[in-house]
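Reading through the structure tokens given below for one structure.
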2 protein chains.
Amino acid sequence: MVTIFRIGHRIKRDSRTTTHLALVARSFGATRMIIAGDEDKNLLKTVDKVNSEWGGDFQLEIIPYDEWKNFLEKWKSEKDNKIVHLTMYGENIPIFERSEDFINLKKQPLNLSHLLIVVGGKKIPGKVFRYADWNIAITNQPHSEVSSLAVFLDHLTSDALQIRFSNSLKQIIPSIEGKKRYIGEKKNEN
Amino acid sequence: MVTIFRIGHRIKRDSRTTTHLALVARSFGATRMIIAGDEDKNLLKTVDKVNSEWGGDFQLEIIPYDEWKNFLEKWKSEKDNKIVHLTMYGENIPIFERSEDFINLKKQPLNLSHLLIVVGGKKIPGKVFRYADWNIAITNQPHSEVSSLAVFLDHLTSDALQIRFSNSLKQIIPSIEGKKRYIGEKKNEN
């Protein structure tokens, strides 16, 4: 599945938002997320803990902020690789969804391993818009990179809301009455 | 359209997450959001600023945390009113979407003014699960109330991603090439 690239992470200010972003990436089926920004041991630890409790093998990696450009150039240099940049300035997703490009992305799920989804913080370098094959908006209104990533992944793949994670210690038994119930401490090898 | 109720807001820790939540509520078409938590002038100011720049008349109100119970009881006491509680312990949305209840909610858009969507913070009082008519999960995995609200509103209404806001000073001309362009300083009365 896809790789997420977060450009910008300031340990003090962004810690919670980047954590939420990583958890969305994991829950909605991304394989890995790379962050260009401050080293952040707590963030790595949080994601490790979620992986070991809730399963799967989502990968998180932090590189120095200044590496963002090299990373994008390397991605672009590899055959068949593509970049989506989520930005409120882009084409709104209900329009993009009707394009041949999007239909092809959805049709060929194997290709998603060639897809990088870039999400920015407050200030995104102008060049990122030009590295992107598609600049896509989730509404052209200001809200949050966390919600944008979730909605995009939900629209991109048919099973984003129903990913099954292997090797989870905890698992919820969903209930409309909402009683909290776990299958706790049970290894689940599906 | 719907009303959002956020239970819990600690001014230091939650300021950014609650701001993102309010912006999602506004962008995806909620009429108003009520927060039970700390008074927060900056939060109110941020939302006011977004309203005046980007348009619409989204309402934000903060009530003391302890009022959450009265608020839910009052909501429930009014005829036809319903409560959805977004929680990772609830029925996952792809399942709920196939239910008659959800189909009726979607069919009768006027009814959405009777719908309260409750989103919690880290610790949600257990009673909230019982006030809710439906406890609904956006995946049964941990991620973020910001992404949960966005995905739920996107699934609930057909136009959540394409709301038009009246009286905006700024408006984006969407572009897949992602050049930043505004219709700036223009009153838009649609």
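Ordered as shown in the structure tokens, chains take letters A, B, and onward, while each chain numbers its residues from 1 and ligands are numbered from 1 in the order shown.
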
Contacts of Ser15 in chain B within 12 Å, only C-alpha atoms, excl. fewer than 2 positions in-chain, as a count of residues only = 27

Determine, counting only C-alpha atoms, which protein, DNA and RNA residues have an atom within 6 Å of an atom of Met1 in chain A; residues of the same chain fewer than 3 positions away are not included. Present the result as a ChimeraX atom specification.
-> /A:30-31,112-113

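When CA of Ser166 in chain A is paired with CA of Asn81 in chain A, their separation reads 27.8 Å.
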
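Counting only C-alpha atoms and comparing A:Glu61, A:Glu73, A:Asp80, A:Asp154, the residue that lies closest to Thr139 in chain B is A:Asp154.
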
Per-residue DSSP, chain B, filtered to helix (DSSP H, G or I), as a ChimeraX atom specification | /B:15-27,41-54,65-77,93-96,100-107,109-114,127-131,145-156,160-162

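We find CA of Asn51 in chain A and CA of Leu23 in chain A to be spaced 9.7 Å apart.
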